[in-house]
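Visitor: coords31.pdb (PDB, C-alpha atoms and all ligand atoms) pasted underneath:
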MODEL        1
ATOM      1  CA  MET A   1     100.149  21.839   4.531  1.00  0.00           C
ATOM      2  CA  PRO A   2     103.473  20.652   5.924  1.00  0.00           C
ATOM      3  CA  TYR A   3     105.555  23.053   7.988  1.00  0.00           C
ATOM      4  CA  LYS A   4     108.524  24.451   6.098  1.00  0.00           C
ATOM      5  CA  HIS A   5     110.602  26.114   8.784  1.00  0.00           C
ATOM      6  CA  ILE A   6     110.428  25.236  12.466  1.00  0.00           C
ATOM      7  CA  LEU A   7     111.961  27.405  15.179  1.00  0.00           C
ATOM      8  CA  VAL A   8     112.686  25.762  18.514  1.00  0.00           C
ATOM      9  CA  ALA A   9     113.337  28.032  21.496  1.00  0.00           C
ATOM     10  CA  VAL A  10     115.450  26.553  24.276  1.00  0.00           C
ATOM     11  CA  ASP A  11     116.445  27.683  27.748  1.00  0.00           C
ATOM     12  CA  LEU A  12     119.629  25.508  27.579  1.00  0.00           C
ATOM     13  CA  THR A  13     118.756  23.608  30.784  1.00  0.00           C
ATOM     14  CA  GLU A  14     118.557  19.789  30.784  1.00  0.00           C
ATOM     15  CA  GLU A  15     114.822  20.301  30.189  1.00  0.00           C
ATOM     16  CA  CYS A  16     115.428  21.400  26.637  1.00  0.00           C
ATOM     17  CA  ASP A  17     116.064  17.824  25.399  1.00  0.00           C
ATOM     18  CA  PRO A  18     112.395  16.798  25.024  1.00  0.00           C
ATOM     19  CA  VAL A  19     111.679  20.144  23.345  1.00  0.00           C
ATOM     20  CA  ILE A  20     114.447  19.713  20.767  1.00  0.00           C
ATOM     21  CA  LYS A  21     113.528  16.053  20.191  1.00  0.00           C
ATOM     22  CA  ARG A  22     109.901  17.022  19.446  1.00  0.00           C
ATOM     23  CA  ALA A  23     110.985  19.843  17.137  1.00  0.00           C
ATOM     24  CA  GLN A  24     113.449  17.555  15.366  1.00  0.00           C
ATOM     25  CA  GLU A  25     110.786  14.850  14.876  1.00  0.00           C
ATOM     26  CA  SER A  26     108.399  17.449  13.460  1.00  0.00           C
ATOM     27  CA  ALA A  27     111.081  18.824  11.146  1.00  0.00           C
ATOM     28  CA  LEU A  28     111.872  15.343   9.836  1.00  0.00           C
ATOM     29  CA  ALA A  29     108.175  14.446   9.402  1.00  0.00           C
ATOM     30  CA  ASN A  30     107.473  17.705   7.529  1.00  0.00           C
ATOM     31  CA  GLY A  31     110.733  17.908   5.599  1.00  0.00           C
ATOM     32  CA  ALA A  32     111.233  21.300   7.280  1.00  0.00           C
ATOM     33  CA  ILE A  33     114.317  23.351   8.120  1.00  0.00           C
ATOM     34  CA  LEU A  34     115.030  23.381  11.863  1.00  0.00           C
ATOM     35  CA  SER A  35     116.308  26.554  13.500  1.00  0.00           C
ATOM     36  CA  LEU A  36     117.070  27.026  17.185  1.00  0.00           C
ATOM     37  CA  VAL A  37     117.263  30.102  19.371  1.00  0.00           C
ATOM     38  CA  HIS A  38     118.377  30.897  22.891  1.00  0.00           C
ATOM     39  CA  ILE A  39     117.991  34.344  24.325  1.00  0.00           C
ATOM     40  CA  VAL A  40     120.332  35.663  26.981  1.00  0.00           C
ATOM     41  CA  GLU A  41     118.332  38.085  29.072  1.00  0.00           C
ATOM     42  CA  PRO A  42     120.214  41.280  29.948  1.00  0.00           C
ATOM     43  CA  MET A  43     121.048  41.189  33.663  1.00  0.00           C
ATOM     44  CA  ALA A  44     119.899  44.753  34.111  1.00  0.00           C
ATOM     45  CA  MET A  45     116.432  43.531  33.052  1.00  0.00           C
ATOM     46  CA  ALA A  46     116.419  40.972  35.868  1.00  0.00           C
ATOM     47  CA  PHE A  47     117.262  43.736  38.364  1.00  0.00           C
ATOM     48  CA  GLY A  48     114.533  46.003  37.064  1.00  0.00           C
ATOM     49  CA  GLY A  49     116.722  48.042  34.737  1.00  0.00           C
ATOM     50  CA  ASP A  50     118.289  50.351  37.317  1.00  0.00           C
ATOM     51  CA  VAL A  51     121.561  48.830  38.524  1.00  0.00           C
ATOM     52  CA  PRO A  52     124.290  51.014  40.070  1.00  0.00           C
ATOM     53  CA  MET A  53     127.170  48.716  38.929  1.00  0.00           C
ATOM     54  CA  ASP A  54     128.856  47.517  35.789  1.00  0.00           C
ATOM     55  CA  LEU A  55     127.434  44.145  34.801  1.00  0.00           C
ATOM     56  CA  SER A  56     129.204  43.883  31.449  1.00  0.00           C
ATOM     57  CA  GLN A  57     131.776  41.285  32.586  1.00  0.00           C
ATOM     58  CA  LEU A  58     129.150  39.075  34.219  1.00  0.00           C
ATOM     59  CA  GLN A  59     126.969  39.479  31.163  1.00  0.00           C
ATOM     60  CA  GLN A  60     129.835  38.380  28.896  1.00  0.00           C
ATOM     61  CA  GLN A  61     130.410  35.293  31.093  1.00  0.00           C
ATOM     62  CA  GLN A  62     126.736  34.443  30.834  1.00  0.00           C
ATOM     63  CA  PHE A  63     126.880  34.781  27.051  1.00  0.00           C
ATOM     64  CA  ASP A  64     130.062  32.632  26.786  1.00  0.00           C
ATOM     65  CA  GLN A  65     128.507  29.935  28.977  1.00  0.00           C
ATOM     66  CA  ALA A  66     125.385  29.919  26.801  1.00  0.00           C
ATOM     67  CA  LYS A  67     127.559  29.597  23.693  1.00  0.00           C
ATOM     68  CA  GLU A  68     129.377  26.572  25.154  1.00  0.00           C
ATOM     69  CA  ARG A  69     126.079  24.884  25.988  1.00  0.00           C
ATOM     70  CA  LEU A  70     124.732  25.648  22.546  1.00  0.00           C
ATOM     71  CA  ASP A  71     127.837  24.142  20.905  1.00  0.00           C
ATOM     72  CA  ARG A  72     127.320  20.965  22.936  1.00  0.00           C
ATOM     73  CA  LEU A  73     123.711  20.764  21.729  1.00  0.00           C
ATOM     74  CA  ILE A  74     124.827  21.121  18.112  1.00  0.00           C
ATOM     75  CA  LEU A  75     127.140  18.125  18.596  1.00  0.00           C
ATOM     76  CA  LYS A  76     124.363  16.139  20.290  1.00  0.00           C
ATOM     77  CA  TYR A  77     121.693  16.815  17.648  1.00  0.00           C
ATOM     78  CA  PRO A  78     123.152  16.351  14.168  1.00  0.00           C
ATOM     79  CA  HIS A  79     119.956  17.686  12.585  1.00  0.00           C
ATOM     80  CA  LEU A  80     120.845  21.136  13.991  1.00  0.00           C
ATOM     81  CA  LYS A  81     123.096  23.116  11.693  1.00  0.00           C
ATOM     82  CA  LYS A  82     125.395  25.660  13.304  1.00  0.00           C
ATOM     83  CA  GLU A  83     124.273  28.422  10.949  1.00  0.00           C
ATOM     84  CA  ASP A  84     120.644  27.828  11.969  1.00  0.00           C
ATOM     85  CA  CYS A  85     121.350  28.162  15.702  1.00  0.00           C
ATOM     86  CA  HIS A  86     121.036  31.656  17.123  1.00  0.00           C
ATOM     87  CA  LEU A  87     122.136  33.223  20.370  1.00  0.00           C
ATOM     88  CA  THR A  88     120.794  36.698  21.051  1.00  0.00           C
ATOM     89  CA  TYR A  89     120.391  39.225  23.844  1.00  0.00           C
ATOM     90  CA  GLY A  90     116.984  40.489  24.786  1.00  0.00           C
ATOM     91  CA  GLN A  91     113.577  39.512  26.002  1.00  0.00           C
ATOM     92  CA  PRO A  92     112.580  35.929  24.995  1.00  0.00           C
ATOM     93  CA  ARG A  93     109.084  36.666  23.608  1.00  0.00           C
ATOM     94  CA  GLN A  94     110.247  39.638  21.573  1.00  0.00           C
ATOM     95  CA  GLU A  95     113.346  37.921  20.173  1.00  0.00           C
ATOM     96  CA  ILE A  96     111.546  34.650  19.370  1.00  0.00           C
ATOM     97  CA  HIS A  97     108.792  36.523  17.486  1.00  0.00           C
ATOM     98  CA  HIS A  98     111.362  38.673  15.708  1.00  0.00           C
ATOM     99  CA  LEU A  99     113.428  35.698  14.531  1.00  0.00           C
ATOM    100  CA  ALA A 100     110.321  33.709  13.523  1.00  0.00           C
ATOM    101  CA  LYS A 101     109.239  36.643  11.306  1.00  0.00           C
ATOM    102  CA  GLU A 102     112.704  37.284   9.921  1.00  0.00           C
ATOM    103  CA  LYS A 103     113.225  33.625   8.962  1.00  0.00           C
ATOM    104  CA  ALA A 104     109.570  33.151   7.840  1.00  0.00           C
ATOM    105  CA  CYS A 105     109.107  30.283  10.307  1.00  0.00           C
ATOM    106  CA  ASP A 106     105.679  28.662  10.315  1.00  0.00           C
ATOM    107  CA  LEU A 107     105.976  26.819  13.641  1.00  0.00           C
ATOM    108  CA  ILE A 108     107.559  27.795  16.958  1.00  0.00           C
ATOM    109  CA  VAL A 109     108.255  25.003  19.456  1.00  0.00           C
ATOM    110  CA  VAL A 110     108.647  25.792  23.169  1.00  0.00           C
ATOM    111  CA  GLY A 111     108.531  23.831  26.415  1.00  0.00           C
ATOM    112  CA  SER A 112     105.635  24.220  28.806  1.00  0.00           C
ATOM    113  CA  HIS A 113     105.445  23.379  32.494  1.00  0.00           C
ATOM    114  CA  GLY A 114     101.654  23.548  32.455  1.00  0.00           C
ATOM    115  CA  ARG A 115     101.737  26.017  35.340  1.00  0.00           C
ATOM    116  CA  HIS A 116      98.556  27.067  37.045  1.00  0.00           C
ATOM    117  CA  GLY A 117      97.460  29.233  39.952  1.00  0.00           C
ATOM    118  CA  LEU A 118     100.058  31.599  41.351  1.00  0.00           C
ATOM    119  CA  ALA A 119     102.875  30.083  39.299  1.00  0.00           C
ATOM    120  CA  LEU A 120     100.986  31.011  36.137  1.00  0.00           C
ATOM    121  CA  LEU A 121     100.631  34.588  37.330  1.00  0.00           C
ATOM    122  CA  LEU A 122     104.398  34.739  37.799  1.00  0.00           C
ATOM    123  CA  GLY A 123     104.756  34.055  34.125  1.00  0.00           C
ATOM    124  CA  SER A 124     105.487  31.350  31.624  1.00  0.00           C
ATOM    125  CA  THR A 125     107.557  31.836  28.521  1.00  0.00           C
ATOM    126  CA  ALA A 126     105.285  29.464  26.570  1.00  0.00           C
ATOM    127  CA  ASN A 127     102.244  31.654  27.341  1.00  0.00           C
ATOM    128  CA  ASP A 128     104.182  34.761  26.591  1.00  0.00           C
ATOM    129  CA  VAL A 129     105.341  33.413  23.208  1.00  0.00           C
ATOM    130  CA  LEU A 130     101.822  32.344  22.269  1.00  0.00           C
ATOM    131  CA  HIS A 131     100.490  35.899  22.589  1.00  0.00           C
ATOM    132  CA  GLY A 132     100.936  37.742  19.334  1.00  0.00           C
ATOM    133  CA  ALA A 133     102.912  34.894  17.754  1.00  0.00           C
ATOM    134  CA  PRO A 134     103.387  35.337  13.984  1.00  0.00           C
ATOM    135  CA  CYS A 135     102.742  31.610  13.358  1.00  0.00           C
ATOM    136  CA  ASP A 136     101.623  28.360  15.002  1.00  0.00           C
ATOM    137  CA  VAL A 137     103.088  27.547  18.410  1.00  0.00           C
ATOM    138  CA  LEU A 138     103.622  24.047  19.752  1.00  0.00           C
ATOM    139  CA  ALA A 139     104.000  23.820  23.536  1.00  0.00           C
ATOM    140  CA  VAL A 140     105.751  20.592  24.520  1.00  0.00           C
ATOM    141  CA  LYS A 141     104.598  19.489  27.951  1.00  0.00           C
ATOM    142  CA  LEU A 142     107.528  19.147  30.304  1.00  0.00           C
ATOM    143  CA  VAL A 143     107.222  16.652  33.100  1.00  0.00           C
ATOM    144  CA  LYS A 144     109.186  17.315  36.276  1.00  0.00           C
ATOM    145  CA  ALA A 145     111.663  14.530  37.043  1.00  0.00           C
ATOM    146  CA  SER A 146     110.750  13.064  40.459  1.00  0.00           C
TER     147      SER A 146
HETATM  148  P1  LIG B   1     109.750  28.895  31.266  1.00  0.00           P
HETATM  149  O1  LIG B   1     108.307  29.211  31.161  1.00  0.00           O
HETATM  150  O2  LIG B   1     110.616  30.097  31.445  1.00  0.00           O
HETATM  151  O3  LIG B   1     110.036  27.815  32.264  1.00  0.00           O
HETATM  152  O4  LIG B   1     110.246  28.284  29.865  1.00  0.00           O
HETATM  153  C1  LIG B   1     109.452  27.426  29.103  1.00  0.00           C
HETATM  154  C2  LIG B   1     110.047  27.302  27.722  1.00  0.00           C
HETATM  155  O5  LIG B   1     110.249  28.585  27.148  1.00  0.00           O
HETATM  156  C3  LIG B   1     111.408  26.620  27.622  1.00  0.00           C
HETATM  157  O6  LIG B   1     111.314  25.216  27.621  1.00  0.00           O
HETATM  158  C4  LIG B   1     111.902  27.154  26.280  1.00  0.00           C
HETATM  159  O7  LIG B   1     111.267  26.482  25.223  1.00  0.00           O
HETATM  160  C5  LIG B   1     111.403  28.595  26.314  1.00  0.00           C
HETATM  161  N1  LIG B   1     112.397  29.522  26.909  1.00  0.00           N
HETATM  162  C6  LIG B   1     112.510  29.928  28.187  1.00  0.00           C
HETATM  163  N2  LIG B   1     113.545  30.765  28.357  1.00  0.00           N
HETATM  164  C7  LIG B   1     114.121  30.885  27.139  1.00  0.00           C
HETATM  165  C8  LIG B   1     115.260  31.615  26.647  1.00  0.00           C
HETATM  166  N3  LIG B   1     115.991  32.392  27.432  1.00  0.00           N
HETATM  167  N4  LIG B   1     115.544  31.499  25.330  1.00  0.00           N
HETATM  168  C9  LIG B   1     114.789  30.737  24.511  1.00  0.00           C
HETATM  169  N5  LIG B   1     113.722  30.037  24.921  1.00  0.00           N
HETATM  170  C10 LIG B   1     113.387  30.097  26.217  1.00  0.00           C
ENDMDL
END
If you convert what's in this file into structure tokens, what do you get?
Guide:
Amino acid sequence: MPYKHILVAVDLTEECDPVIKRAQESALANGAILSLVHIVEPMAMAFGGDVPMDLSQLQQQQFDQAKERLDRLILKYPHLKKEDCHLTYGQPRQEIHHLAKEKACDLIVVGSHGRHGLALLLGSTANDVLHGAPCDVLAVKLVKAS
């Protein structure tokens, strides 16, 4: 059964290129729609939720910067349609699962650093997304540039 709707999750770093390329190839091979999502994590979350200062301006800057990067990606990858690219606030795993369900996606594509040992304990978004995913998940192995 070919995939019908592929959701690629990107962190908007230079590492997202191989992830988008793989998702785009899969979308073309399957004749599938390609959607993209980036999640801006609330700063308060990074500080453990209890921050005695107003982070709203910094948060807005972070969101605007993400939007600029996303717009550049849309220009770079013509297969990505603006209306299928999403920028949301929240926790990556939760938002990726939510969007995949809402859009009835049948494949989620993420990058994976193949962490092990202590690094794995510190967390990997790919692992996180895999747990409880509403559909198949493809983890694209990312190789560190040396
Ligand atoms: P990480 O484990 O955080 O290094 O990220 C691995 C992969 O998870 C990335 O290549 C993306 O596919 C995905 N990812 C990480 N952070 C985000 C984010 N904020 N929004 C969407 N996807 C993300």
Visitor: Using the chain letters and numbering of this document, enumerate as a PyMOL selection string the residues selected by the PyMOL selection byres (((chain A and resi 34) around 6) and not hetatm).
Guide: chain A and resi 6+33+35
Visitor: Next, dump the selected residues to file, keeping only C-alpha atoms, as a PDB file, keeping the file's coordinate frame.
Guide:
ATOM      1  CA  ILE A   6     110.428  25.236  12.466  1.00  0.00           C
ATOM      2  CA  ILE A  33     114.317  23.351   8.120  1.00  0.00           C
ATOM      3  CA  SER A  35     116.308  26.554  13.500  1.00  0.00           C
TER       4      SER A  35
END
Visitor: Can I get the residues close to ligand LIG 1 (chain B) as number ranges by chain, where close means within 8 Å and we count all atoms listed in the file?
Guide: A: 8-12, 15-16, 19, 37-41, 91-92, 96, 109-113, 123-127, 129, 139-140, 142
Visitor: With only C-alpha atoms as the atoms that count, which of A:Lys67, A:His131, A:His97, A:Lys76 lies nearest to A:Asp17?
Guide: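 For A:Asp17, the nearest of the given residues is A:Lys76.
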Visitor: State, in Å with one decimal place, the distance from atom CA of A:Gly31 to atom CA of A:Leu75.
Guide: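 Going from atom CA of A:Gly31 over to atom CA of A:Leu75, I get 20.9 Å.
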Visitor: Mind listing as a tab-separated table (two decimals) with C-alpha atoms, in the frame of the given file all residues within 9 Å of (121.1, 33.3, 14.1), counting only C-alpha atoms?
Guide:
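Output (selection10.tsv):
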chain	number	residue	atom	x	y	z
A	35	SER	CA	116.31	26.55	13.50
A	36	LEU	CA	117.07	27.03	17.18
A	37	VAL	CA	117.26	30.10	19.37
A	82	LYS	CA	125.40	25.66	13.30
A	83	GLU	CA	124.27	28.42	10.95
A	84	ASP	CA	120.64	27.83	11.97
A	85	CYS	CA	121.35	28.16	15.70
A	86	HIS	CA	121.04	31.66	17.12
A	87	LEU	CA	122.14	33.22	20.37
A	88	THR	CA	120.79	36.70	21.05
A	99	LEU	CA	113.43	35.70	14.53
Visitor: For a quick check of your reading of the model, name the residues lying within 7 Å of the coordinate (109.1, 21.9, 8.0), counting only C-alpha atoms, and write them as an MDAnalysis selection string.
Guide: chainID A and resid 2:6 27 30:33
Visitor: Selected by the PyMOL selection byres (((chain A and resi 100-102) around 9) and not hetatm) in the shown coordinates: which residues, as an NGL selection string?
Guide: :A and (5-7 or 95-99 or 103-108 or 133-135)
Visitor: Let's have the selection written as a PDB file, in the coordinates of the input, with C-alpha atoms.
Guide:
ATOM      1  CA  HIS A   5     110.602  26.114   8.784  1.00  0.00           C
ATOM      2  CA  ILE A   6     110.428  25.236  12.466  1.00  0.00           C
ATOM      3  CA  LEU A   7     111.961  27.405  15.179  1.00  0.00           C
ATOM      4  CA  GLU A  95     113.346  37.921  20.173  1.00  0.00           C
ATOM      5  CA  ILE A  96     111.546  34.650  19.370  1.00  0.00           C
ATOM      6  CA  HIS A  97     108.792  36.523  17.486  1.00  0.00           C
ATOM      7  CA  HIS A  98     111.362  38.673  15.708  1.00  0.00           C
ATOM      8  CA  LEU A  99     113.428  35.698  14.531  1.00  0.00           C
ATOM      9  CA  LYS A 103     113.225  33.625   8.962  1.00  0.00           C
ATOM     10  CA  ALA A 104     109.570  33.151   7.840  1.00  0.00           C
ATOM     11  CA  CYS A 105     109.107  30.283  10.307  1.00  0.00           C
ATOM     12  CA  ASP A 106     105.679  28.662  10.315  1.00  0.00           C
ATOM     13  CA  LEU A 107     105.976  26.819  13.641  1.00  0.00           C
ATOM     14  CA  ILE A 108     107.559  27.795  16.958  1.00  0.00           C
ATOM     15  CA  ALA A 133     102.912  34.894  17.754  1.00  0.00           C
ATOM     16  CA  PRO A 134     103.387  35.337  13.984  1.00  0.00           C
ATOM     17  CA  CYS A 135     102.742  31.610  13.358  1.00  0.00           C
TER      18      CYS A 135
END
Visitor: Rounded to one decimal place, report the atom CA of A:Pro78-atom CA of A:Glu14 distance in Å.
Guide: 17.6 Å
Visitor: With N, CA and C atoms as the goal, would you fill in the gaps in stretch 11-44 of chain A and present it as a PDB file, keeping the file's coordinate frame?
Guide:
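Contents of part-v6.pdb, freshly written:
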ATOM      1  N   ASP A  11     115.872  26.933  26.627  1.00  0.00           N
ATOM      2  CA  ASP A  11     116.445  27.683  27.748  1.00  0.00           C
ATOM      3  C   ASP A  11     117.830  27.146  28.129  1.00  0.00           C
ATOM      4  N   LEU A  12     118.299  26.121  27.392  1.00  0.00           N
ATOM      5  CA  LEU A  12     119.629  25.508  27.579  1.00  0.00           C
ATOM      6  C   LEU A  12     119.782  24.767  28.909  1.00  0.00           C
ATOM      7  N   THR A  13     118.681  24.473  29.606  1.00  0.00           N
ATOM      8  CA  THR A  13     118.756  23.608  30.784  1.00  0.00           C
ATOM      9  C   THR A  13     118.591  22.169  30.281  1.00  0.00           C
ATOM     10  N   GLU A  14     118.715  21.200  31.203  1.00  0.00           N
ATOM     11  CA  GLU A  14     118.557  19.789  30.784  1.00  0.00           C
ATOM     12  C   GLU A  14     117.128  19.535  30.274  1.00  0.00           C
ATOM     13  N   GLU A  15     116.215  20.453  30.625  1.00  0.00           N
ATOM     14  CA  GLU A  15     114.822  20.301  30.189  1.00  0.00           C
ATOM     15  C   GLU A  15     114.627  20.552  28.700  1.00  0.00           C
ATOM     16  N   CYS A  16     115.647  21.058  28.047  1.00  0.00           N
ATOM     17  CA  CYS A  16     115.428  21.400  26.637  1.00  0.00           C
ATOM     18  C   CYS A  16     115.491  20.164  25.723  1.00  0.00           C
ATOM     19  N   ASP A  17     115.974  19.023  26.242  1.00  0.00           N
ATOM     20  CA  ASP A  17     116.064  17.824  25.399  1.00  0.00           C
ATOM     21  C   ASP A  17     114.716  17.384  24.801  1.00  0.00           C
ATOM     22  N   PRO A  18     113.669  17.203  25.635  1.00  0.00           N
ATOM     23  CA  PRO A  18     112.395  16.798  25.024  1.00  0.00           C
ATOM     24  C   PRO A  18     111.848  17.826  24.025  1.00  0.00           C
ATOM     25  N   VAL A  19     112.174  19.084  24.239  1.00  0.00           N
ATOM     26  CA  VAL A  19     111.679  20.144  23.345  1.00  0.00           C
ATOM     27  C   VAL A  19     112.388  20.032  21.983  1.00  0.00           C
ATOM     28  N   ILE A  20     113.693  19.837  22.027  1.00  0.00           N
ATOM     29  CA  ILE A  20     114.447  19.713  20.767  1.00  0.00           C
ATOM     30  C   ILE A  20     114.045  18.419  20.044  1.00  0.00           C
ATOM     31  N   LYS A  21     113.900  17.335  20.823  1.00  0.00           N
ATOM     32  CA  LYS A  21     113.528  16.053  20.191  1.00  0.00           C
ATOM     33  C   LYS A  21     112.204  16.186  19.438  1.00  0.00           C
ATOM     34  N   ARG A  22     111.229  16.845  20.065  1.00  0.00           N
ATOM     35  CA  ARG A  22     109.901  17.022  19.446  1.00  0.00           C
ATOM     36  C   ARG A  22     110.020  17.883  18.186  1.00  0.00           C
ATOM     37  N   ALA A  23     110.809  18.941  18.285  1.00  0.00           N
ATOM     38  CA  ALA A  23     110.985  19.843  17.137  1.00  0.00           C
ATOM     39  C   ALA A  23     111.698  19.105  16.008  1.00  0.00           C
ATOM     40  N   GLN A  24     112.695  18.296  16.375  1.00  0.00           N
ATOM     41  CA  GLN A  24     113.449  17.555  15.366  1.00  0.00           C
ATOM     42  C   GLN A  24     112.552  16.526  14.662  1.00  0.00           C
ATOM     43  N   GLU A  25     111.724  15.823  15.465  1.00  0.00           N
ATOM     44  CA  GLU A  25     110.786  14.850  14.876  1.00  0.00           C
ATOM     45  C   GLU A  25     109.847  15.551  13.899  1.00  0.00           C
ATOM     46  N   SER A  26     109.329  16.709  14.317  1.00  0.00           N
ATOM     47  CA  SER A  26     108.399  17.449  13.460  1.00  0.00           C
ATOM     48  C   SER A  26     109.090  17.919  12.187  1.00  0.00           C
ATOM     49  N   ALA A  27     110.339  18.353  12.325  1.00  0.00           N
ATOM     50  CA  ALA A  27     111.081  18.824  11.146  1.00  0.00           C
ATOM     51  C   ALA A  27     111.294  17.670  10.165  1.00  0.00           C
ATOM     52  N   LEU A  28     111.642  16.508  10.705  1.00  0.00           N
ATOM     53  CA  LEU A  28     111.872  15.343   9.836  1.00  0.00           C
ATOM     54  C   LEU A  28     110.568  14.922   9.164  1.00  0.00           C
ATOM     55  N   ALA A  29     109.474  14.885   9.948  1.00  0.00           N
ATOM     56  CA  ALA A  29     108.175  14.446   9.402  1.00  0.00           C
ATOM     57  C   ALA A  29     107.660  15.402   8.328  1.00  0.00           C
ATOM     58  N   ASN A  30     107.978  16.698   8.469  1.00  0.00           N
ATOM     59  CA  ASN A  30     107.473  17.705   7.529  1.00  0.00           C
ATOM     60  C   ASN A  30     108.471  18.047   6.427  1.00  0.00           C
ATOM     61  N   GLY A  31     109.675  17.534   6.543  1.00  0.00           N
ATOM     62  CA  GLY A  31     110.733  17.908   5.599  1.00  0.00           C
ATOM     63  C   GLY A  31     111.081  19.378   5.764  1.00  0.00           C
ATOM     64  N   ALA A  32     111.035  19.859   7.016  1.00  0.00           N
ATOM     65  CA  ALA A  32     111.233  21.300   7.280  1.00  0.00           C
ATOM     66  C   ALA A  32     112.664  21.600   7.729  1.00  0.00           C
ATOM     67  N   ILE A  33     113.046  22.856   7.571  1.00  0.00           N
ATOM     68  CA  ILE A  33     114.317  23.351   8.120  1.00  0.00           C
ATOM     69  C   ILE A  33     114.098  23.481   9.631  1.00  0.00           C
ATOM     70  N   LEU A  34     115.143  23.209  10.413  1.00  0.00           N
ATOM     71  CA  LEU A  34     115.030  23.381  11.863  1.00  0.00           C
ATOM     72  C   LEU A  34     116.013  24.459  12.321  1.00  0.00           C
ATOM     73  N   SER A  35     115.463  25.518  12.907  1.00  0.00           N
ATOM     74  CA  SER A  35     116.308  26.554  13.500  1.00  0.00           C
ATOM     75  C   SER A  35     116.121  26.527  15.009  1.00  0.00           C
ATOM     76  N   LEU A  36     117.124  27.019  15.711  1.00  0.00           N
ATOM     77  CA  LEU A  36     117.070  27.026  17.185  1.00  0.00           C
ATOM     78  C   LEU A  36     117.485  28.406  17.688  1.00  0.00           C
ATOM     79  N   VAL A  37     116.861  28.815  18.786  1.00  0.00           N
ATOM     80  CA  VAL A  37     117.263  30.102  19.371  1.00  0.00           C
ATOM     81  C   VAL A  37     117.319  30.018  20.895  1.00  0.00           C
ATOM     82  N   HIS A  38     118.337  30.668  21.447  1.00  0.00           N
ATOM     83  CA  HIS A  38     118.377  30.897  22.891  1.00  0.00           C
ATOM     84  C   HIS A  38     118.594  32.383  23.104  1.00  0.00           C
ATOM     85  N   ILE A  39     117.854  32.921  24.046  1.00  0.00           N
ATOM     86  CA  ILE A  39     117.991  34.344  24.325  1.00  0.00           C
ATOM     87  C   ILE A  39     118.629  34.536  25.699  1.00  0.00           C
ATOM     88  N   VAL A  40     119.697  35.303  25.713  1.00  0.00           N
ATOM     89  CA  VAL A  40     120.332  35.663  26.981  1.00  0.00           C
ATOM     90  C   VAL A  40     119.674  36.962  27.428  1.00  0.00           C
ATOM     91  N   GLU A  41     119.035  36.893  28.600  1.00  0.00           N
ATOM     92  CA  GLU A  41     118.332  38.085  29.072  1.00  0.00           C
ATOM     93  C   GLU A  41     119.314  39.042  29.743  1.00  0.00           C
ATOM     94  N   PRO A  42     119.308  40.309  29.333  1.00  0.00           N
ATOM     95  CA  PRO A  42     120.214  41.280  29.948  1.00  0.00           C
ATOM     96  C   PRO A  42     120.024  41.300  31.466  1.00  0.00           C
ATOM     97  N   MET A  43     121.145  41.252  32.197  1.00  0.00           N
ATOM     98  CA  MET A  43     121.048  41.189  33.663  1.00  0.00           C
ATOM     99  C   MET A  43     120.329  42.395  34.232  1.00  0.00           C
ATOM    100  N   ALA A  44     120.549  43.536  33.618  1.00  0.00           N
ATOM    101  CA  ALA A  44     119.899  44.753  34.111  1.00  0.00           C
ATOM    102  C   ALA A  44     118.387  44.588  34.112  1.00  0.00           C
TER     103      ALA A  44
END
